[in-house]
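Participant: Got a structure for you, written out below as structure tokens; questions coming shortly.
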Amino acid sequence: SMEKMIELAADKLLVNFGAEILKLIKGRVSVEVDARLSFDTNATIIKSRHLISLFEEIGIDKSRVMIKIASTWEGIQAAKILEKEGIQCNMTLIFSFVQAVACAEVGATIISPYAGRILDWYTKNTNKTYKSSEDPGEIEELAGCDFLTIGPKLLNQLQNTYKKIERKLSPDTAYHCLESKTSYDEKAFKWQLNEDAMTTEKLAEGIRQFAKDSKTLMSMLRQRLINETAMVNDSIELFVQPFQENLEETIEYARRTEVEECYEKREKGNDTSLQPPTYVN
């Protein structure tokens with residue numbers, strides 16, 4: 001169907017972009033599962049396997065690819081299965097401790113907290129200005145995590161700063177934390193999300209925005225497919241038209257010849273029982 005063709009084209013486009021990025025870097029690339037699958041564990045697993053297979057078809061090992069999945073309960077359960085299959089998962093749209101814990105328990109390769117969006121939400125909704133020691137979005141306070149996504153403006157500021165930045169986060173400090181281990185089943189997970197206004201709002205907003213982006217891409221691919229199909233049909237028509245005209249002329253010639261031969265036989269043999277053929281178009 002048209003929709004299935006568009007979906008496959010979108011998957012292939014994402015993989016092609018990822019492949020081009022991998023030509024420029026030594027590490028891994030993240031490819032996002034359609035956000036509209038955020039509440040469907042099985043569909044997320046199927047889509048993730050398909051994306052990995054597309055990379056493998058062009059010679060890229062799955063060790064260089066991470067599948068980016070929204071950190072809903074359903075998405076986290078999909079990651080649990082995928083990680084056991086050796087498919088690395090980058091759990092995105094994390095805004096709360098409960099999401100981080102659930103991702104850690106299923107063995108997700110990476111979690112991606114949106115520290116900047118968390119800060120923005122609290123600044124807007126509390127009318128409070130946060131100091132660096134309280135601000136989870138401050139780069140210095142996050143020094144020590146495995147990876148950081150930093151905007152160009154902040155990168156420039158860091159480049160022009162000669163201040164020594166001390167590591168704030170490490171496995172050792174986490175290990176010596178006095179807090180007891182926490183675990184959440186599905187009911188507890190969803191309840192904790194429900195009780196956290198910031199997480200509930202930002203998670204839903206993020207999924208909607210990612211889904212909107214997917215729809216935009218699908219719309220662009222649909223229009224291009226329609227245009228190219230029309231161009232192909234026009235080309236076929238231009239190619240076939242001369243042959244069609246010649247075929248019609250040939251058929252008409254054959255009909256006339258057969259009729260003429262019939263009349264000729266009647267005249268020579270004086271056989272009036274011979275009737276010329278009748279054609280119905």
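By convention in this document, the chains of the structure tokens carry letters A, B, ... by their order, each chain's residues are numbered from 1, and ligands are numbered from 1 in the order they are shown.
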Do you know which residues are at most 7 Å from Thr109 (chain A) counting only C-alpha atoms, after dropping those on the same chain fewer than 5 positions away, and could you put them as a ChimeraX atom specification?

Facilitator: /A:88-90

Participant: Store the residues picked out above, limited to all heavy atoms, as a PDB file, in the first residue's frame.

Facilitator:
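The result, written out as result-v2.pdb:
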ATOM      1  N   GLN A  88      21.508  -2.128  21.185  1.00  0.00           N
ATOM      2  CA  GLN A  88      21.702  -1.073  22.174  1.00  0.00           C
ATOM      3  C   GLN A  88      20.573  -0.040  22.112  1.00  0.00           C
ATOM      4  O   GLN A  88      20.177   0.385  21.022  1.00  0.00           O
ATOM      5  CB  GLN A  88      23.039  -0.374  21.925  1.00  0.00           C
ATOM      6  CG  GLN A  88      24.227  -1.314  21.961  1.00  0.00           C
ATOM      7  CD  GLN A  88      25.498  -0.626  21.526  1.00  0.00           C
ATOM      8  OE1 GLN A  88      26.280  -0.167  22.358  1.00  0.00           O
ATOM      9  NE2 GLN A  88      25.720  -0.541  20.231  1.00  0.00           N
ATOM     10  N   CYS A  89      20.108   0.362  23.276  1.00  0.00           N
ATOM     11  CA  CYS A  89      18.988   1.310  23.348  1.00  0.00           C
ATOM     12  C   CYS A  89      19.396   2.601  24.034  1.00  0.00           C
ATOM     13  O   CYS A  89      20.051   2.590  25.085  1.00  0.00           O
ATOM     14  CB  CYS A  89      17.811   0.676  24.099  1.00  0.00           C
ATOM     15  SG  CYS A  89      17.141  -0.795  23.289  1.00  0.00           S
ATOM     16  N   ASN A  90      19.015   3.697  23.430  1.00  0.00           N
ATOM     17  CA  ASN A  90      19.203   5.029  23.990  1.00  0.00           C
ATOM     18  C   ASN A  90      17.833   5.509  24.444  1.00  0.00           C
ATOM     19  O   ASN A  90      16.986   5.879  23.632  1.00  0.00           O
ATOM     20  CB  ASN A  90      19.789   5.960  22.925  1.00  0.00           C
ATOM     21  CG  ASN A  90      19.917   7.392  23.396  1.00  0.00           C
ATOM     22  OD1 ASN A  90      19.579   7.727  24.527  1.00  0.00           O
ATOM     23  ND2 ASN A  90      20.387   8.263  22.513  1.00  0.00           N
TER      24      ASN A  90
END

Participant: Fewer than 2 positions away in the same chain doesn't count, so skip those; otherwise give me all residues within 12 Å of Ala9 (chain A), counting only C-alpha atoms, as a CSV table (one decimal) with all heavy atoms, in the first residue's frame.

Facilitator:
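To be explicit, this is the file written out as part_39.csv:
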chain,number,residue,atom,x,y,z
A,2,MET,N,0.3,2.4,-0.3
A,2,MET,CA,1.0,3.6,-0.3
A,2,MET,C,1.6,4.0,1.0
A,2,MET,O,2.8,4.3,1.1
A,2,MET,CB,0.0,4.8,-0.8
A,2,MET,CG,0.6,6.2,-0.6
A,2,MET,SD,1.9,6.6,-1.8
A,2,MET,CE,0.9,6.9,-3.3
A,3,GLU,N,0.8,3.8,2.1
A,3,GLU,CA,1.3,4.1,3.5
A,3,GLU,C,2.5,3.2,3.9
A,3,GLU,O,3.4,3.7,4.5
A,3,GLU,CB,0.1,4.0,4.5
A,3,GLU,CG,-1.0,5.0,4.3
A,3,GLU,CD,-0.5,6.4,4.2
A,3,GLU,OE1,0.3,6.8,5.2
A,3,GLU,OE2,-0.8,7.2,3.3
A,4,LYS,N,2.4,1.9,3.5
A,4,LYS,CA,3.5,1.0,3.8
A,4,LYS,C,4.8,1.4,3.1
A,4,LYS,O,5.9,1.4,3.6
A,4,LYS,CB,3.1,-0.4,3.5
A,4,LYS,CG,4.1,-1.4,4.0
A,4,LYS,CD,4.3,-1.4,5.5
A,4,LYS,CE,5.2,-2.5,6.0
A,4,LYS,NZ,5.4,-2.4,7.4
A,5,MET,N,4.6,1.8,1.8
A,5,MET,CA,5.8,2.3,1.0
A,5,MET,C,6.4,3.5,1.7
A,5,MET,O,7.6,3.6,1.7
A,5,MET,CB,5.3,2.6,-0.4
A,5,MET,CG,4.9,1.4,-1.2
A,5,MET,SD,4.2,1.8,-2.8
A,5,MET,CE,5.6,2.7,-3.6
A,6,ILE,N,5.6,4.4,2.2
A,6,ILE,CA,6.1,5.7,2.8
A,6,ILE,C,6.8,5.3,4.1
A,6,ILE,O,7.9,5.9,4.4
A,6,ILE,CB,4.9,6.6,3.1
A,6,ILE,CG1,4.3,7.1,1.7
A,6,ILE,CG2,5.3,7.8,3.9
A,6,ILE,CD1,3.0,7.8,1.9
A,7,GLU,N,6.2,4.4,4.9
A,7,GLU,CA,6.9,4.0,6.1
A,7,GLU,C,8.2,3.4,5.9
A,7,GLU,O,9.2,3.7,6.5
A,7,GLU,CB,6.0,3.0,6.8
A,7,GLU,CG,6.6,2.5,8.2
A,7,GLU,CD,5.7,1.5,8.8
A,7,GLU,OE1,4.5,1.2,8.4
A,7,GLU,OE2,6.2,0.8,9.8
A,11,ASP,N,12.0,4.8,7.0
A,11,ASP,CA,13.0,4.0,7.7
A,11,ASP,C,14.4,4.0,7.0
A,11,ASP,O,15.4,4.2,7.6
A,11,ASP,CB,12.5,2.5,7.8
A,11,ASP,CG,11.3,2.4,8.8
A,11,ASP,OD1,11.1,3.3,9.6
A,11,ASP,OD2,10.7,1.4,8.7
A,12,LYS,N,14.3,3.8,5.6
A,12,LYS,CA,15.5,3.8,4.8
A,12,LYS,C,16.2,5.1,4.9
A,12,LYS,O,17.4,5.2,4.9
A,12,LYS,CB,15.2,3.4,3.4
A,12,LYS,CG,16.4,3.2,2.5
A,12,LYS,CD,17.3,2.1,3.0
A,12,LYS,CE,18.5,1.9,2.1
A,12,LYS,NZ,19.5,1.0,2.6
A,13,LEU,N,15.4,6.2,4.8
A,13,LEU,CA,16.0,7.5,4.9
A,13,LEU,C,16.8,7.8,6.2
A,13,LEU,O,17.9,8.3,6.2
A,13,LEU,CB,14.9,8.6,4.7
A,13,LEU,CG,15.4,10.1,4.7
A,13,LEU,CD1,16.3,10.3,3.6
A,13,LEU,CD2,14.2,11.0,4.7
A,14,LEU,N,16.2,7.4,7.3
A,14,LEU,CA,16.9,7.5,8.6
A,14,LEU,C,18.2,6.7,8.6
A,14,LEU,O,19.2,7.2,9.1
A,14,LEU,CB,15.9,7.0,9.7
A,14,LEU,CG,14.7,7.9,10.0
A,14,LEU,CD1,13.8,7.2,11.1
A,14,LEU,CD2,15.1,9.3,10.5
A,15,VAL,N,18.1,5.5,8.1
A,15,VAL,CA,19.3,4.6,8.1
A,15,VAL,C,20.4,5.3,7.2
A,15,VAL,O,21.6,5.2,7.5
A,15,VAL,CB,18.9,3.2,7.6
A,15,VAL,CG1,20.2,2.4,7.3
A,15,VAL,CG2,18.1,2.5,8.7
A,16,ASN,N,20.0,5.8,6.1
A,16,ASN,CA,21.0,6.4,5.2
A,16,ASN,C,21.6,7.6,5.8
A,16,ASN,O,22.9,7.8,5.7
A,16,ASN,CB,20.3,6.8,3.9
A,16,ASN,CG,19.9,5.7,3.0
A,16,ASN,OD1,20.4,4.5,3.2
A,16,ASN,ND2,19.1,5.9,2.0
A,51,LEU,N,15.1,-1.7,11.7
A,51,LEU,CA,16.1,-0.6,11.5
A,51,LEU,C,17.5,-1.2,11.6
A,51,LEU,O,18.3,-0.9,10.8
A,51,LEU,CB,15.9,0.5,12.5
A,51,LEU,CG,14.6,1.4,12.4
A,51,LEU,CD1,14.5,2.3,13.6
A,51,LEU,CD2,14.7,2.2,11.1
A,54,LEU,N,18.3,-3.0,8.4
A,54,LEU,CA,18.6,-2.1,7.3
A,54,LEU,C,20.1,-1.7,7.4
A,54,LEU,O,20.8,-1.5,6.4
A,54,LEU,CB,17.7,-0.9,7.3
A,54,LEU,CG,16.2,-1.2,6.9
A,54,LEU,CD1,15.4,0.1,7.0
A,54,LEU,CD2,16.1,-1.8,5.5
A,217,LEU,N,7.7,14.4,8.1
A,217,LEU,CA,8.5,13.6,7.2
A,217,LEU,C,7.7,12.7,6.3
A,217,LEU,O,7.9,12.6,5.1
A,217,LEU,CB,9.5,12.7,8.0
A,217,LEU,CG,10.4,11.8,7.2
A,217,LEU,CD1,11.2,12.5,6.2
A,217,LEU,CD2,11.3,10.9,8.1
A,218,MET,N,6.7,12.0,6.9
A,218,MET,CA,5.8,11.1,6.1
A,218,MET,C,5.1,11.9,5.0
A,218,MET,O,4.9,11.5,3.9
A,218,MET,CB,4.8,10.4,7.0
A,218,MET,CG,5.4,9.5,8.1
A,218,MET,SD,6.2,8.0,7.3
A,218,MET,CE,6.5,7.1,8.8
A,219,SER,N,4.6,13.1,5.4
A,219,SER,CA,3.9,13.9,4.4
A,219,SER,C,4.8,14.3,3.3
A,219,SER,O,4.4,14.3,2.1
A,219,SER,CB,3.4,15.2,5.1
A,219,SER,OG,2.7,16.0,4.2
A,220,MET,N,6.0,14.7,3.6
A,220,MET,CA,7.0,15.1,2.5
A,220,MET,C,7.3,13.9,1.6
A,220,MET,O,7.3,14.0,0.4
A,220,MET,CB,8.3,15.6,3.1
A,220,MET,CG,8.1,16.9,3.9
A,220,MET,SD,9.6,17.3,4.9
A,220,MET,CE,10.8,17.6,3.5
A,221,LEU,N,7.4,12.7,2.2
A,221,LEU,CA,7.7,11.5,1.4
A,221,LEU,C,6.5,11.1,0.6
A,221,LEU,O,6.6,10.7,-0.6
A,221,LEU,CB,8.1,10.4,2.3
A,221,LEU,CG,9.5,10.5,3.0
A,221,LEU,CD1,9.7,9.4,4.0
A,221,LEU,CD2,10.6,10.4,1.9
A,222,ARG,N,5.3,11.3,1.1
A,222,ARG,CA,4.1,11.0,0.4
A,222,ARG,C,3.9,11.8,-0.8
A,222,ARG,O,3.6,11.3,-1.9
A,222,ARG,CB,2.9,11.1,1.3
A,222,ARG,CG,1.5,10.8,0.6
A,222,ARG,CD,0.3,11.0,1.6
A,222,ARG,NE,0.4,10.1,2.7
A,222,ARG,CZ,0.7,10.4,3.9
A,222,ARG,NH1,1.1,11.7,4.2
A,222,ARG,NH2,0.8,9.6,4.9
A,224,ARG,N,6.3,13.4,-2.4
A,224,ARG,CA,7.3,13.1,-3.4
A,224,ARG,C,7.0,11.8,-4.2
A,224,ARG,O,7.2,11.7,-5.4
A,224,ARG,CB,8.7,13.0,-2.7
A,224,ARG,CG,9.8,12.6,-3.7
A,224,ARG,CD,11.2,12.9,-3.1
A,224,ARG,NE,12.2,12.6,-4.1
A,224,ARG,CZ,13.5,12.9,-3.9
A,224,ARG,NH1,13.9,13.5,-2.8
A,224,ARG,NH2,14.4,12.6,-4.9
A,225,LEU,N,6.5,10.8,-3.4
A,225,LEU,CA,6.1,9.6,-4.0
A,225,LEU,C,5.0,9.8,-5.1
A,225,LEU,O,5.0,9.2,-6.2
A,225,LEU,CB,5.7,8.6,-3.0
A,225,LEU,CG,5.4,7.1,-3.5
A,225,LEU,CD1,6.6,6.5,-4.1
A,225,LEU,CD2,5.0,6.2,-2.3

Participant: Could you give me, as a tab-separated table, every region 162-234 of chain A residue with an atom at most 9 Å from region 94-101 of chain A, plus its closest atom pair and distance in Å to one decimal, counting only C-alpha atoms, rows ordered by chain then number?

Facilitator:
residue	atom	partner	partner_atom	distance
A:Thr182	CA	A:Val101	CA	7.4
A:Ser183	CA	A:Val101	CA	6.9
A:Tyr184	CA	A:Val98	CA	7.4
A:Phe189	CA	A:Val98	CA	6.5
A:Gln192	CA	A:Val98	CA	7.0
A:Leu193	CA	A:Val98	CA	7.6
A:Asp196	CA	A:Ser96	CA	8.2
A:Met198	CA	A:Phe95	CA	7.7
A:Thr199	CA	A:Phe95	CA	5.3
A:Thr200	CA	A:Phe95	CA	8.7
A:Lys202	CA	A:Phe95	CA	7.4
A:Leu203	CA	A:Phe95	CA	7.2

Participant: Next, dump the selected residues to file, keeping only C-alpha atoms, as an mmCIF file, in the first residue's frame.

Facilitator:
data_model
loop_
_atom_site.group_PDB
_atom_site.id
_atom_site.type_symbol
_atom_site.label_atom_id
_atom_site.label_comp_id
_atom_site.auth_asym_id
_atom_site.auth_seq_id
_atom_site.Cartn_x
_atom_site.Cartn_y
_atom_site.Cartn_z
ATOM 1 C CA THR A 182 14.606 1.428 44.665
ATOM 2 C CA SER A 183 12.538 -0.592 42.208
ATOM 3 C CA TYR A 184 9.228 0.018 40.447
ATOM 4 C CA PHE A 189 6.006 3.503 37.796
ATOM 5 C CA GLN A 192 4.988 8.100 40.257
ATOM 6 C CA LEU A 193 4.799 9.659 36.783
ATOM 7 C CA ASP A 196 5.102 14.372 38.961
ATOM 8 C CA MET A 198 6.757 18.220 35.317
ATOM 9 C CA THR A 199 7.521 14.700 34.079
ATOM 10 C CA THR A 200 3.949 14.062 32.949
ATOM 11 C CA LYS A 202 7.286 17.173 29.443
ATOM 12 C CA LEU A 203 7.087 13.482 28.488
#

Participant: For the alpha helix (DSSP H) assignment from backbone DSSP, which residues of region 8-197 of chain A qualify? Please present them as a ChimeraX atom specification.

Facilitator: /A:8-22,41-57,73-84,97-105,115-126,152-159,171-175,186-195,197

Participant: May I ask which of the residues A:Tyr175, A:Phe55, A:Tyr122, A:Phe210 is the closest one to Ser38 (chain A), counting only C-alpha atoms?

Facilitator: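 Answer, going by the shortest atom-to-atom distance: A:Phe210.
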
Participant: So which residues touch Ala108 (chain A) within 10 Å, counting only C-alpha atoms, skipping near sequence neighbours fewer than 6 positions away, as number ranges by chain?

Facilitator: A: 76, 79-84, 87-91, 100, 102

Participant: One decimal, Å: what's the distance from CA of His176 (chain A) over to CA of Val106 (chain A), could you say?

Facilitator: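 A separation of 22.1 Å between them.
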
Participant: If you count only C-alpha atoms, which residues fall within 10 Å of Arg167 (chain A), apart from same-chain ones fewer than 5 positions away, as a list in words?

Facilitator: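 These residues fall inside the cut-off: Glu140, Glu141, Leu142, Ala143, Gly144 and Cys145 of chain A.
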
Participant: Go ahead and write the residues just picked, all heavy atoms, as an mmCIF file, in the first residue's frame.

Facilitator:
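This is the output file result22.cif:
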data_model
loop_
_atom_site.group_PDB
_atom_site.id
_atom_site.type_symbol
_atom_site.label_atom_id
_atom_site.label_comp_id
_atom_site.auth_asym_id
_atom_site.auth_seq_id
_atom_site.Cartn_x
_atom_site.Cartn_y
_atom_site.Cartn_z
ATOM 1 N N GLU A 140 28.362 22.356 34.468
ATOM 2 C CA GLU A 140 29.356 22.050 35.487
ATOM 3 C C GLU A 140 28.835 21.032 36.490
ATOM 4 O O GLU A 140 29.593 20.191 36.991
ATOM 5 C CB GLU A 140 29.786 23.326 36.208
ATOM 6 C CG GLU A 140 30.552 24.296 35.317
ATOM 7 C CD GLU A 140 30.986 25.539 36.063
ATOM 8 O OE1 GLU A 140 30.954 25.505 37.317
ATOM 9 O OE2 GLU A 140 31.356 26.532 35.421
ATOM 10 N N GLU A 141 27.555 21.118 36.794
ATOM 11 C CA GLU A 141 26.977 20.190 37.764
ATOM 12 C C GLU A 141 26.811 18.795 37.183
ATOM 13 O O GLU A 141 26.602 17.828 37.913
ATOM 14 C CB GLU A 141 25.623 20.712 38.245
ATOM 15 C CG GLU A 141 25.694 22.004 39.027
ATOM 16 C CD GLU A 141 26.572 21.866 40.271
ATOM 17 O OE1 GLU A 141 26.410 20.881 41.011
ATOM 18 O OE2 GLU A 141 27.439 22.739 40.481
ATOM 19 N N LEU A 142 26.880 18.684 35.845
ATOM 20 C CA LEU A 142 26.735 17.389 35.191
ATOM 21 C C LEU A 142 28.073 16.804 34.767
ATOM 22 O O LEU A 142 28.126 15.756 34.129
ATOM 23 C CB LEU A 142 25.831 17.530 33.956
ATOM 24 C CG LEU A 142 24.379 17.898 34.244
ATOM 25 C CD1 LEU A 142 23.638 18.200 32.960
ATOM 26 C CD2 LEU A 142 23.671 16.775 35.009
ATOM 27 N N ALA A 143 29.158 17.481 35.120
ATOM 28 C CA ALA A 143 30.491 17.007 34.749
ATOM 29 C C ALA A 143 30.729 15.618 35.335
ATOM 30 O O ALA A 143 30.576 15.395 36.534
ATOM 31 C CB ALA A 143 31.552 17.982 35.251
ATOM 32 N N GLY A 144 31.057 14.686 34.442
ATOM 33 C CA GLY A 144 31.304 13.317 34.882
ATOM 34 C C GLY A 144 30.370 12.311 34.243
ATOM 35 O O GLY A 144 30.650 11.103 34.260
ATOM 36 N N CYS A 145 29.261 12.779 33.673
ATOM 37 C CA CYS A 145 28.378 11.833 32.980
ATOM 38 C C CYS A 145 29.038 11.410 31.666
ATOM 39 O O CYS A 145 29.969 12.040 31.183
ATOM 40 C CB CYS A 145 27.003 12.433 32.751
ATOM 41 S SG CYS A 145 26.966 13.818 31.625
#
